[in-house]
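So this one's input_34.txt, compact mmCIF, C-alpha atoms and all ligand atoms:
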# COMPACT_ATOMS: atom_id res chain seq x y z
CA MET K 1 70.52 98.83 60.53
CA SER K 2 67.69 98.76 62.98
CA LEU K 3 67.11 101.87 65.04
CA SER K 4 66.51 99.75 68.11
CA VAL K 5 70.26 99.17 68.33
CA VAL K 6 70.54 102.62 69.86
CA THR K 7 70.58 101.17 73.33
CA PHE K 8 71.54 104.22 75.39
CA THR K 9 74.53 102.42 76.83
CA GLU K 10 77.22 103.76 74.55
CA ARG K 11 79.64 106.24 76.01
CA GLY K 12 83.03 107.69 75.29
CA LYS K 13 84.78 110.15 73.04
CA TYR K 14 84.43 110.06 69.32
CA LEU K 15 85.79 112.06 66.46
CA ALA K 16 83.44 113.00 63.65
CA LEU K 17 83.91 114.64 60.28
CA ASP K 18 81.18 116.43 58.38
CA LEU K 19 82.04 116.87 54.73
CA GLY K 20 79.66 117.78 51.98
CA GLY K 21 78.54 121.35 52.15
CA THR K 22 79.78 124.84 52.44
CA ASN K 23 81.73 124.06 55.56
CA PHE K 24 83.91 121.17 56.51
CA ARG K 25 83.68 120.44 60.22
CA VAL K 26 85.72 118.36 62.58
CA LEU K 27 84.05 117.44 65.85
CA VAL K 28 84.73 115.68 69.10
CA VAL K 29 81.56 114.19 70.49
CA LYS K 30 81.43 113.07 74.09
CA ILE K 31 78.64 110.70 74.92
CA ARG K 32 77.85 110.21 78.57
CA THR K 33 75.27 107.93 80.06
CA GLY K 34 73.54 108.22 83.35
CA MET K 35 70.28 109.60 84.56
CA ARG K 36 70.14 111.80 81.51
CA ASN K 37 71.97 110.76 78.43
CA SER K 38 73.97 113.65 77.22
CA VAL K 39 75.93 114.36 74.14
CA ARG K 40 78.51 117.14 74.20
CA MET K 41 80.28 118.47 71.17
CA TYR K 42 83.30 120.56 70.39
CA ASN K 43 83.78 121.49 66.78
CA LYS K 44 85.75 123.66 64.45
CA ILE K 45 84.85 124.76 60.98
CA TYR K 46 87.39 124.71 58.20
CA ALA K 47 87.10 126.26 54.78
CA ILE K 48 87.73 124.11 51.77
CA PRO K 49 89.11 126.42 49.10
CA LEU K 50 87.53 126.13 45.68
CA GLU K 51 90.76 124.95 44.09
CA ILE K 52 90.84 122.06 46.54
CA MET K 53 87.17 121.15 46.09
CA GLN K 54 87.87 120.93 42.39
CA GLY K 55 91.51 119.84 42.42
CA THR K 56 92.84 116.30 42.75
CA GLY K 57 91.39 113.78 45.17
CA GLU K 58 94.78 113.46 46.83
CA GLU K 59 94.92 117.20 47.52
CA LEU K 60 91.38 117.13 48.90
CA PHE K 61 92.01 114.27 51.32
CA ASP K 62 95.42 115.68 52.32
CA HIS K 63 93.64 118.93 53.16
CA ILE K 64 91.04 117.07 55.23
CA VAL K 65 93.75 115.29 57.18
CA GLN K 66 95.57 118.59 57.65
CA CYS K 67 92.38 120.01 59.21
CA ILE K 68 92.01 116.96 61.47
CA SER K 69 95.62 117.43 62.55
CA ASP K 70 94.99 121.08 63.37
CA PHE K 71 91.87 120.16 65.31
CA LEU K 72 93.61 117.45 67.34
CA ASP K 73 96.34 119.95 68.24
CA TYR K 74 93.73 122.51 69.18
CA MET K 75 91.97 120.00 71.43
CA GLY K 76 95.26 118.63 72.80
CA MET K 77 94.30 115.15 71.63
CA LYS K 78 97.04 114.30 69.15
CA ASN K 79 98.10 111.21 71.03
CA THR K 80 94.74 109.61 71.64
CA ARG K 81 93.70 107.12 69.03
CA LEU K 82 90.03 107.95 68.64
CA PRO K 83 87.31 106.12 66.76
CA LEU K 84 86.02 108.24 63.90
CA GLY K 85 82.67 108.54 62.18
CA PHE K 86 82.66 110.19 58.78
CA THR K 87 79.60 112.05 57.60
CA PHE K 88 80.01 112.19 53.87
CA SER K 89 77.07 113.84 52.12
CA PHE K 90 77.38 112.57 48.60
CA PRO K 91 75.80 109.61 46.81
CA CYS K 92 77.72 106.47 47.77
CA ASN K 93 77.40 102.81 47.07
CA GLN K 94 77.65 101.64 50.63
CA THR K 95 78.70 98.01 50.97
CA GLY K 96 79.55 98.05 54.66
CA ILE K 97 79.42 100.32 57.67
CA ASP K 98 82.94 101.56 56.85
CA LYS K 99 82.86 101.19 53.07
CA GLY K 100 81.35 103.66 50.63
CA ASP K 101 82.23 104.00 46.96
CA LEU K 102 81.56 107.53 45.76
CA VAL K 103 79.06 107.34 42.90
CA SER K 104 79.48 110.93 41.78
CA TRP K 105 80.32 114.29 43.29
CA THR K 106 77.45 116.75 43.66
CA LYS K 107 76.99 120.35 44.82
CA GLY K 108 80.27 122.29 44.61
CA PHE K 109 82.69 119.36 44.59
CA LYS K 110 84.53 117.93 41.64
CA ALA K 111 87.86 116.50 42.81
CA THR K 112 89.49 114.06 40.39
CA ASP K 113 90.19 110.37 41.03
CA CYS K 114 87.53 109.86 43.70
CA GLU K 115 84.43 108.70 41.85
CA GLY K 116 84.19 104.93 41.94
CA TYR K 117 86.60 104.71 44.89
CA ASP K 118 85.95 103.88 48.52
CA VAL K 119 86.21 107.25 50.27
CA VAL K 120 87.09 105.57 53.59
CA ASP K 121 90.14 104.07 51.84
CA LEU K 122 91.00 107.48 50.41
CA LEU K 123 90.87 108.97 53.90
CA ARG K 124 92.90 106.11 55.44
CA GLU K 125 95.56 106.51 52.74
CA ALA K 126 95.79 110.26 53.37
CA ILE K 127 96.21 109.63 57.11
CA LYS K 128 99.01 107.19 56.28
CA ARG K 129 100.68 109.66 53.93
CA ARG K 130 100.82 112.22 56.70
CA ASN K 131 102.09 109.61 59.15
CA GLU K 132 101.43 111.78 62.16
CA PHE K 133 98.48 110.25 64.00
CA ASP K 134 96.26 107.20 63.96
CA LEU K 135 92.49 106.97 63.82
CA ASP K 136 90.06 104.09 63.62
CA ILE K 137 87.57 104.92 60.92
CA VAL K 138 84.54 102.99 62.08
CA ALA K 139 81.62 104.28 60.06
CA ILE K 140 80.74 106.30 57.01
CA VAL K 141 77.32 107.90 57.19
CA ASN K 142 75.17 110.00 54.92
CA ASP K 143 74.09 113.30 56.50
CA THR K 144 70.41 112.33 56.26
CA VAL K 145 71.15 109.16 58.21
CA GLY K 146 73.15 111.02 60.86
CA THR K 147 70.31 113.48 61.24
CA MET K 148 67.70 110.73 61.58
CA MET K 149 69.81 108.81 64.11
CA THR K 150 70.44 111.90 66.21
CA CYS K 151 66.72 112.63 66.43
CA ALA K 152 65.88 108.96 66.99
CA TYR K 153 68.18 109.05 70.02
CA GLU K 154 65.55 111.26 71.63
CA ASP K 155 62.38 110.39 69.75
CA PRO K 156 61.88 106.74 68.75
CA LYS K 157 59.17 107.79 66.29
CA CYS K 158 61.85 109.52 64.21
CA GLN K 159 62.26 107.23 61.21
CA ILE K 160 62.98 109.78 58.50
CA GLY K 161 65.89 112.15 57.98
CA LEU K 162 65.61 115.26 55.80
CA ILE K 163 68.32 117.65 54.65
CA ALA K 164 67.40 121.02 53.16
CA GLY K 165 70.72 122.83 53.05
CA THR K 166 73.26 123.19 50.26
CA GLY K 167 71.75 120.00 48.86
CA SER K 168 68.46 118.16 49.29
CA ASN K 169 67.98 114.54 50.37
CA VAL K 170 65.92 112.13 52.47
CA CYS K 171 66.43 108.76 54.13
CA TYR K 172 63.83 106.60 55.89
CA MET K 173 63.38 103.26 57.63
CA GLU K 174 61.98 100.55 55.39
CA GLU K 175 60.66 97.09 56.29
CA MET K 176 63.18 94.43 55.32
CA ASN K 177 60.55 92.41 53.46
CA ASN K 178 60.25 95.30 51.00
CA ILE K 179 63.93 95.30 50.22
CA GLU K 180 64.64 92.77 47.52
CA PHE K 181 68.40 92.84 47.30
CA VAL K 182 69.04 92.11 50.97
CA GLU K 183 68.29 88.72 52.44
CA GLY K 184 65.99 88.35 55.41
CA ASP K 185 62.52 89.65 56.18
CA GLU K 186 62.96 90.69 59.79
CA GLY K 187 63.24 94.21 61.06
CA GLN K 188 63.98 97.38 59.20
CA MET K 189 66.73 98.93 57.19
CA CYS K 190 67.66 102.50 56.45
CA VAL K 191 67.19 103.57 52.84
CA ASN K 192 68.99 106.63 51.55
CA THR K 193 66.74 107.83 48.73
CA GLU K 194 69.25 110.28 47.17
CA TRP K 195 66.14 112.06 45.96
CA GLY K 196 68.24 114.96 44.72
CA GLY K 197 68.95 112.76 41.72
CA PHE K 198 65.26 112.41 40.92
CA GLY K 199 64.58 113.44 37.34
CA GLU K 200 67.82 112.21 35.82
CA ASN K 201 65.80 109.85 33.63
CA ASP K 202 63.72 112.77 32.28
CA ASN K 203 60.66 112.04 34.41
CA THR K 204 60.48 115.59 35.76
CA GLU K 205 60.82 117.30 32.39
CA ASP K 206 57.18 118.41 32.36
CA ILE K 207 57.70 120.50 35.48
CA ARG K 208 61.15 121.87 34.72
CA THR K 209 61.36 125.37 33.30
CA ARG K 210 63.91 126.91 31.00
CA TYR K 211 65.39 128.62 34.06
CA ASP K 212 66.02 125.22 35.63
CA ARG K 213 67.72 124.14 32.42
CA GLU K 214 69.93 127.22 32.47
CA VAL K 215 70.95 126.56 36.05
CA ASP K 216 71.61 122.90 35.27
CA GLY K 217 73.63 123.75 32.16
CA GLY K 218 75.83 126.16 34.10
CA SER K 219 76.45 123.73 36.98
CA LEU K 220 79.40 121.43 37.66
CA ASN K 221 77.26 118.36 36.96
CA PRO K 222 74.89 119.06 34.04
CA GLY K 223 72.00 116.62 33.73
CA LYS K 224 72.54 115.30 37.26
CA GLN K 225 70.72 116.06 40.53
CA ARG K 226 67.82 117.73 38.73
CA PHE K 227 65.45 117.62 41.71
CA GLU K 228 68.17 119.01 43.98
CA LYS K 229 68.67 121.88 41.57
CA MET K 230 65.01 122.89 41.96
CA THR K 231 64.91 122.55 45.73
CA SER K 232 68.17 123.24 47.53
CA GLY K 233 70.08 126.21 48.90
CA MET K 234 72.91 125.98 46.43
CA TYR K 235 70.61 126.68 43.49
CA LEU K 236 67.54 128.74 44.48
CA GLY K 237 69.35 132.06 44.21
CA GLU K 238 70.69 131.10 40.83
CA ILE K 239 67.19 130.23 39.58
CA VAL K 240 66.03 133.66 40.74
CA ARG K 241 68.93 135.31 38.89
CA GLN K 242 68.00 133.47 35.66
CA ILE K 243 64.41 134.69 35.94
CA LEU K 244 65.52 138.25 36.64
CA ILE K 245 67.74 138.18 33.56
CA ASP K 246 64.82 137.00 31.44
CA LEU K 247 62.41 139.60 32.83
CA THR K 248 65.01 142.28 32.21
CA LYS K 249 65.51 141.08 28.63
CA ARG K 250 61.78 141.49 28.11
CA GLY K 251 61.99 145.03 29.46
CA LEU K 252 59.95 144.26 32.58
CA LEU K 253 62.70 144.87 35.11
CA PHE K 254 65.70 147.10 35.81
CA ARG K 255 64.70 149.41 32.93
CA GLY K 256 65.60 146.65 30.52
CA ARG K 257 69.31 146.96 31.20
CA ILE K 258 71.25 143.77 31.82
CA THR K 259 74.28 144.89 33.78
CA GLU K 260 77.53 142.98 34.21
CA ARG K 261 76.48 142.53 37.83
CA LEU K 262 73.27 140.74 36.87
CA LYS K 263 75.27 138.55 34.51
CA THR K 264 77.58 137.44 37.32
CA LYS K 265 76.92 133.87 38.36
CA GLY K 266 76.41 133.37 42.06
CA ILE K 267 75.73 136.99 43.07
CA PHE K 268 72.25 136.05 44.15
CA GLU K 269 72.70 133.71 47.10
CA THR K 270 69.79 131.87 48.68
CA LYS K 271 70.23 133.82 51.92
CA PHE K 272 69.02 136.91 50.03
CA LEU K 273 65.75 135.12 49.29
CA SER K 274 65.31 134.71 53.03
CA GLN K 275 65.99 138.40 53.61
CA ILE K 276 63.83 139.66 50.77
CA GLU K 277 60.90 137.39 51.63
CA SER K 278 60.93 138.28 55.29
CA ASP K 279 57.43 139.47 56.29
CA ARG K 280 58.78 142.32 58.29
CA LEU K 281 60.76 143.81 55.45
CA ALA K 282 59.56 147.02 53.82
CA LEU K 283 59.98 147.47 50.10
CA LEU K 284 62.60 150.11 50.65
CA GLN K 285 64.70 147.55 52.42
CA VAL K 286 64.32 145.12 49.52
CA ARG K 287 65.63 147.91 47.38
CA SER K 288 68.64 148.43 49.59
CA ILE K 289 69.42 144.69 49.54
CA LEU K 290 69.33 144.79 45.75
CA GLN K 291 71.46 147.92 45.82
CA SER K 292 74.05 146.19 47.99
CA LEU K 293 74.18 143.51 45.28
CA GLY K 294 74.88 146.20 42.73
CA LEU K 295 71.39 146.07 41.25
CA ASP K 296 69.71 149.43 40.87
CA SER K 297 66.00 149.02 41.32
CA THR K 298 62.84 151.06 41.34
CA CYS K 299 60.00 150.41 43.72
CA ASP K 300 58.22 148.32 41.07
CA ASP K 301 61.40 146.31 40.52
CA SER K 302 61.50 145.50 44.22
CA ILE K 303 57.92 144.21 44.16
CA ILE K 304 58.68 142.00 41.18
CA VAL K 305 61.91 140.64 42.64
CA LYS K 306 60.15 139.78 45.88
CA GLU K 307 57.42 138.01 43.89
CA VAL K 308 60.03 136.01 41.95
CA CYS K 309 61.87 134.98 45.13
CA GLY K 310 58.58 133.86 46.66
CA ALA K 311 57.66 131.78 43.62
CA VAL K 312 61.04 130.03 43.55
CA SER K 313 61.20 129.22 47.26
CA ARG K 314 57.51 128.20 47.36
CA ARG K 315 58.01 125.78 44.50
CA ALA K 316 61.08 124.33 46.24
CA ALA K 317 59.17 123.81 49.49
CA GLN K 318 56.20 122.29 47.67
CA LEU K 319 58.40 119.88 45.74
CA CYS K 320 60.12 118.76 48.95
CA GLY K 321 56.70 118.46 50.58
CA ALA K 322 55.40 116.36 47.70
CA GLY K 323 58.44 114.10 47.93
CA MET K 324 58.00 113.76 51.68
CA ALA K 325 54.28 113.02 51.28
CA ALA K 326 55.13 110.23 48.85
CA VAL K 327 57.67 108.77 51.29
CA VAL K 328 55.39 108.80 54.35
CA ASP K 329 52.39 107.47 52.48
CA LYS K 330 54.50 104.66 51.03
CA ILE K 331 55.73 103.79 54.53
CA ARG K 332 52.12 103.74 55.74
CA GLU K 333 51.06 101.50 52.86
CA ASN K 334 54.00 99.13 53.28
CA ARG K 335 53.14 98.70 56.95
CA GLY K 336 49.51 98.00 56.12
CA LEU K 337 48.25 100.90 58.24
CA ASP K 338 45.25 103.18 57.79
CA HIS K 339 46.98 105.87 59.74
CA LEU K 340 50.67 106.55 60.36
CA GLU K 341 52.31 108.75 62.95
CA ILE K 342 55.93 109.45 62.20
CA THR K 343 58.64 112.00 62.95
CA VAL K 344 61.09 113.57 60.55
CA GLY K 345 64.48 114.76 61.82
CA VAL K 346 65.57 117.79 59.82
CA ASP K 347 68.86 119.58 59.30
CA GLY K 348 69.80 122.33 56.87
CA THR K 349 70.00 126.10 56.82
CA LEU K 350 67.37 126.55 54.12
CA TYR K 351 64.83 124.77 56.32
CA LYS K 352 65.96 126.55 59.47
CA LEU K 353 66.34 130.12 58.28
CA HIS K 354 64.03 130.72 55.34
CA PRO K 355 60.93 132.53 56.61
CA HIS K 356 58.37 130.34 54.78
CA PHE K 357 60.07 127.20 53.45
CA SER K 358 59.36 124.94 56.44
CA THR K 359 55.73 126.05 56.82
CA ILE K 360 54.95 125.48 53.14
CA LEU K 361 56.71 122.10 53.22
CA LYS K 362 54.64 120.95 56.20
CA ASP K 363 51.38 122.28 54.73
CA THR K 364 52.08 120.40 51.51
CA VAL K 365 52.73 117.14 53.34
CA ARG K 366 49.50 117.55 55.32
CA GLU K 367 47.56 118.16 52.13
CA LEU K 368 49.07 115.36 50.06
CA ALA K 369 49.32 112.69 52.77
CA PRO K 370 46.15 113.20 54.82
CA ASN K 371 46.41 109.74 56.42
CA CYS K 372 49.74 110.52 58.00
CA LYS K 373 50.50 112.70 60.98
CA VAL K 374 54.02 113.91 60.35
CA ASP K 375 56.00 115.78 62.98
CA PHE K 376 59.17 117.63 62.09
CA ILE K 377 61.91 118.15 64.63
CA LEU K 378 65.09 120.09 64.10
CA SER K 379 68.23 118.17 64.74
CA GLU K 380 70.78 120.45 66.26
CA ASP K 381 73.86 119.50 64.30
CA GLY K 382 72.58 116.05 63.46
CA SER K 383 74.78 115.63 60.42
CA GLY K 384 77.89 115.72 62.59
CA LYS K 385 76.61 114.18 65.80
CA GLY K 386 74.95 111.25 64.00
CA ALA K 387 78.22 109.88 62.69
CA ALA K 388 79.62 109.80 66.23
CA LEU K 389 76.47 108.12 67.57
CA ILE K 390 76.59 105.43 64.92
CA THR K 391 80.29 104.93 65.59
CA ALA K 392 79.50 104.54 69.28
CA VAL K 393 76.79 101.98 68.59
CA MET K 394 79.06 100.01 66.28
CA LEU K 395 81.78 99.83 68.91
CA THR K 396 79.36 98.92 71.70
CA LEU K 397 77.94 96.09 69.64
CA GLY K 398 81.42 94.87 68.82
CA PHE K 399 80.84 95.27 65.10
CA PHE K 400 84.20 96.88 64.65
CA LYS K 401 87.42 94.97 64.98
CA GLY K 402 90.15 97.56 64.59
P1 LIG L 501 75.27 122.06 54.32
O1 LIG L 501 76.25 122.66 53.41
O2 LIG L 501 75.82 121.01 55.21
O3 LIG L 501 74.03 121.67 53.64
P2 LIG L 501 73.77 124.10 55.66
O4 LIG L 501 72.66 123.25 56.11
O5 LIG L 501 74.26 125.14 56.58
O6 LIG L 501 75.04 123.27 55.30
O7 LIG L 501 73.30 124.77 54.31
C1 LIG L 501 74.06 125.76 53.71
C2 LIG L 501 73.25 126.35 52.58
O8 LIG L 501 72.12 127.04 53.09
C3 LIG L 501 74.01 127.36 51.78
O9 LIG L 501 74.54 126.73 50.66
C4 LIG L 501 72.99 128.37 51.38
O10 LIG L 501 72.53 128.07 50.09
C5 LIG L 501 71.83 128.16 52.29
N1 LIG L 501 71.63 129.30 53.18
C6 LIG L 501 72.54 129.99 53.90
N2 LIG L 501 71.97 130.98 54.61
C7 LIG L 501 70.64 130.93 54.32
C8 LIG L 501 69.50 131.68 54.74
N3 LIG L 501 69.62 132.70 55.58
N4 LIG L 501 68.30 131.32 54.24
C9 LIG L 501 68.18 130.28 53.38
N5 LIG L 501 69.21 129.55 52.95
C10 LIG L 501 70.43 129.86 53.41
MG MG L 502 75.24 119.55 56.47
Represent the structure of the file as structure tokens.
Ligand code: ADP
Ligand code: MG
Amino acid sequence: MSLSVVTFTERGKYLALDLGGTNFRVLVVKIRTGMRNSVRMYNKIYAIPLEIMQGTGEELFDHIVQCISDFLDYMGMKNTRLPLGFTFSFPCNQTGIDKGDLVSWTKGFKATDCEGYDVVDLLREAIKRRNEFDLDIVAIVNDTVGTMMTCAYEDPKCQIGLIAGTGSNVCYMEEMNNIEFVEGDEGQMCVNTEWGGFGENDNTEDIRTRYDREVDGGSLNPGKQRFEKMTSGMYLGEIVRQILIDLTKRGLLFRGRITERLKTKGIFETKFLSQIESDRLALLQVRSILQSLGLDSTCDDSIIVKEVCGAVSRRAAQLCGAGMAAVVDKIRENRGLDHLEITVGVDGTLYKLHPHFSTILKDTVRELAPNCKVDFILSEDGSGKGAALITAVMLTLGFFKG
């Protein structure tokens, strides 16, 4: 899809779903045109209980439809048949704007009977089962694409979308003549790199550590998403915990005592890295954070833990930066340019809230791709808004015949 199709003439009310991370969100997006184009959103967050994330596909999609139903009630919109855009942040084989076969679940999801199936069909079937309201599912969108589109709505130089949240991924606009499996040489097309899966063919083994292998082995999808497991919010805390266990085993930390607490998977969330690495935090405060996690630490322990957190988050930011540098420099090369100016639309809590991640990422890109000037802009809620924007564009262009 060419970005130039965003013509600033689309308007109306759209429903959007954002599924793929910690929170499931349902949104109504109102797009108005006029002197200033404006996009207004109303959204509600719903929890997806663990047993549903990892239950049957039918239960998962029934739950999603239940949440949509609740949201429509809440908004007083049960009787309006709205067009819907579905942000679905998992690797899909997308064969049409409203067709995406799930390749494999990632992150915390593992519902049965979904892989290999068109998730739009699964959603349509669940809506039918409930038999309570109608929706026109117009588009399925990856969160990177939604983020890029949302930023491109305001900045036409935005041709890359980056997610650094629960997972890690990038999409970018590629010249059609570089895409072999699609006919035609005109214009551009959006490529979802699914870079989280980088390394599945062993080509990152020389930079993976035994801690990465531990984290991978204990995950829901061993062997898969190896790059994601070194770079994204779902895993950084767990890498830190593996290192702390090892240092403790060697007698370098926590007086050599491996407590039940330290052995508990998931106690060390990535948000604690952000807190511990904050520049304004005194060591005593690091100690109290560790204490609140049930880890008794000395002053030396606190210094070491802070050092470990820094190493893990720095590596993550540098790896994302290296990946981004490769993408922008490839774009530059493919366009036959000496110099490229391009904007990246970014979404994700790791990028937004970690005290150093974004700075290190940008520094790395500058260093590794010196012929590119890369601007990063935050997309406020791009993952959700983008699906609605794409839905709006599809309807305006008459691509969708309901
Ligand atoms: P999504 O699940 O759609 O990716 P977010 O972009 O909000 O949603 O990312 C959520 C992830 O961000 C969580 O899984 C967590 O690992 C991480 N996270 C949450 N709070 C922080 C924080 N303060 N600093 C760094 N990472 C965080
Ligand atoms: Mg998201």
Could you give me, as CSV, every chain K residue with an atom at most 8 Å from ligand MG 502 (chain L), plus its closest atom pair and distance in Å to one decimal, counting only C-alpha atoms and all ligand atoms, rows ordered by chain then number?
residue,atom,partner,partner_atom,distance
K:Asp18,CA,L:MG502,MG,7.0
K:Leu19,CA,L:MG502,MG,7.5
K:Gly20,CA,L:MG502,MG,6.5
K:Gly21,CA,L:MG502,MG,5.7
K:Asn23,CA,L:MG502,MG,8.0
K:Ser89,CA,L:MG502,MG,7.4
K:Asp143,CA,L:MG502,MG,6.4
K:Ile163,CA,L:MG502,MG,7.4
K:Gly165,CA,L:MG502,MG,6.5
K:Thr166,CA,L:MG502,MG,7.5
K:Asp347,CA,L:MG502,MG,7.0
K:Gly348,CA,L:MG502,MG,6.1
K:Asp381,CA,L:MG502,MG,8.0
K:Ser383,CA,L:MG502,MG,5.6
K:Gly384,CA,L:MG502,MG,7.7
Measure the distance from CA of Val215 (chain K) to CA of Ile45 (chain K) in Å and round it to one decimal.
28.6 Å
Do you know which residues are at most 10 Å from Phe254 (chain K) counting all atoms listed in the file, after dropping those on the same chain fewer than 6 positions away, and could you put them as a list in words?
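Contacts, with the query itself left out: Leu244, Ile245, Leu247, Thr248, Leu262, Leu295, Asp296, Ser297, Thr298, Asp300, Asp301 and Ser302 of chain K.
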Would you compute an axis-aligned box for ligand LIG 501 (chain L), covering every atom listed for it in the file with 8 Å of margin on each side, and report centre and edge lengths in Å to one decimal as JSON?
{"center_x": 72.2, "center_y": 126.9, "center_z": 53.3, "size_x": 24.1, "size_y": 27.7, "size_z": 22.5}
With all atoms listed in the file as the counted atoms, please give the residues lying no more than 12 Å from Ala47 (chain K), apart from itself and same-chain residues fewer than 6 positions off, as a ChimeraX atom specification.
/K:19-26,53,60,63-64,66-67
Mind writing the picked residues with C-alpha atoms as a PDB file, in the frame of the given file?
ATOM      1  CA  LEU K  19      82.040 116.870  54.730  1.00  0.00           C
ATOM      2  CA  GLY K  20      79.660 117.780  51.980  1.00  0.00           C
ATOM      3  CA  GLY K  21      78.540 121.350  52.150  1.00  0.00           C
ATOM      4  CA  THR K  22      79.780 124.840  52.440  1.00  0.00           C
ATOM      5  CA  ASN K  23      81.730 124.060  55.560  1.00  0.00           C
ATOM      6  CA  PHE K  24      83.910 121.170  56.510  1.00  0.00           C
ATOM      7  CA  ARG K  25      83.680 120.440  60.220  1.00  0.00           C
ATOM      8  CA  VAL K  26      85.720 118.360  62.580  1.00  0.00           C
ATOM      9  CA  MET K  53      87.170 121.150  46.090  1.00  0.00           C
ATOM     10  CA  LEU K  60      91.380 117.130  48.900  1.00  0.00           C
ATOM     11  CA  HIS K  63      93.640 118.930  53.160  1.00  0.00           C
ATOM     12  CA  ILE K  64      91.040 117.070  55.230  1.00  0.00           C
ATOM     13  CA  GLN K  66      95.570 118.590  57.650  1.00  0.00           C
ATOM     14  CA  CYS K  67      92.380 120.010  59.210  1.00  0.00           C
TER      15      CYS K  67
END
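Taking CA of Glu380 (chain K) as the reference point, CA of Phe88 (chain K) is found at 17.5 Å.
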If I take CA of Glu214 (chain K) and CA of Lys265 (chain K), how far is one from the other in Å, to one decimal?
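We find that CA of Glu214 (chain K) and CA of Lys265 (chain K) lie 11.3 Å from each other.
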Measuring atom to atom with all atoms listed in the file, identify which of K:Gly76, K:Gly197, K:Gly266, K:Pro49 is nearest to Thr231 (chain K).
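Among the listed residues, K:Gly197 lies closest to Thr231 (chain K).
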K:Ser69, K:Ser104, K:Thr87, K:Thr349 ranked by distance to Lys224 (chain K), top pick (using all atoms listed in the file):
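Smallest distance to Lys224 (chain K) is found for K:Ser104.
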If you count only C-alpha atoms and all ligand atoms, the residue of K:Phe61, K:Tyr46, K:Phe376, K:Tyr235 closest to ligand LIG 501 (chain L) turns out to be K:Tyr235
Show me as JSON, numbers by chain the residues that reach within 9 Å of (58.0, 129.6, 50.7), counting all atoms listed in the file and using the file's own coordinates.
{"K": [277, 309, 310, 311, 312, 313, 314, 315, 316, 317, 318, 354, 355, 356, 357, 358, 359, 360, 361]}
Based on the selection just made, write C-alpha atoms of those residues as a PDB file, keeping the file's coordinate frame.
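Output file again_8.pdb follows:
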ATOM      1  CA  GLU K 277      60.900 137.390  51.630  1.00  0.00           C
ATOM      2  CA  CYS K 309      61.870 134.980  45.130  1.00  0.00           C
ATOM      3  CA  GLY K 310      58.580 133.860  46.660  1.00  0.00           C
ATOM      4  CA  ALA K 311      57.660 131.780  43.620  1.00  0.00           C
ATOM      5  CA  VAL K 312      61.040 130.030  43.550  1.00  0.00           C
ATOM      6  CA  SER K 313      61.200 129.220  47.260  1.00  0.00           C
ATOM      7  CA  ARG K 314      57.510 128.200  47.360  1.00  0.00           C
ATOM      8  CA  ARG K 315      58.010 125.780  44.500  1.00  0.00           C
ATOM      9  CA  ALA K 316      61.080 124.330  46.240  1.00  0.00           C
ATOM     10  CA  ALA K 317      59.170 123.810  49.490  1.00  0.00           C
ATOM     11  CA  GLN K 318      56.200 122.290  47.670  1.00  0.00           C
ATOM     12  CA  HIS K 354      64.030 130.720  55.340  1.00  0.00           C
ATOM     13  CA  PRO K 355      60.930 132.530  56.610  1.00  0.00           C
ATOM     14  CA  HIS K 356      58.370 130.340  54.780  1.00  0.00           C
ATOM     15  CA  PHE K 357      60.070 127.200  53.450  1.00  0.00           C
ATOM     16  CA  SER K 358      59.360 124.940  56.440  1.00  0.00           C
ATOM     17  CA  THR K 359      55.730 126.050  56.820  1.00  0.00           C
ATOM     18  CA  ILE K 360      54.950 125.480  53.140  1.00  0.00           C
ATOM     19  CA  LEU K 361      56.710 122.100  53.220  1.00  0.00           C
TER      20      LEU K 361
END
Choose the residue, out of K:Asn169, K:Thr33, K:Gln285, K:Asn79, that has the smallest atom-to-atom separation from Gly345 (chain K); count only C-alpha atoms.
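The shortest atom-to-atom distance to Gly345 (chain K) comes from K:Asn169.
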Under the rule that all atoms listed in the file are counted, which of K:Asn192, K:Asn93, K:Thr264, K:Asn221 is the nearest residue to Thr144 (chain K)?
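Closest residue, counting all atoms listed in the file: K:Asn192.
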Near Arg335 (chain K), within 8 Å and counting all atoms listed in the file, which residues show up once chain neighbours fewer than 3 positions away are dropped, as a PyMOL selection string?
chain K and resi 175+331-332
For the selection just defined, write its residues with C-alpha atoms to a file, as a PDB file, keeping the file's coordinate frame.
ATOM      1  CA  GLU K 175      60.660  97.090  56.290  1.00  0.00           C
ATOM      2  CA  ILE K 331      55.730 103.790  54.530  1.00  0.00           C
ATOM      3  CA  ARG K 332      52.120 103.740  55.740  1.00  0.00           C
TER       4      ARG K 332
END
Distance query Glu269 (chain K) at most 9 Å, all atoms listed in the file, self and fewer than 2 positions along chain excluded, as number ranges by chain:
K: 233-238, 266-267, 271-273
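Between Asp70 (chain K) and the residues K:Thr106, K:Ser278, K:Asn43, K:Ser219, the shortest atom-to-atom distance, using only C-alpha atoms, involves K:Asn43.
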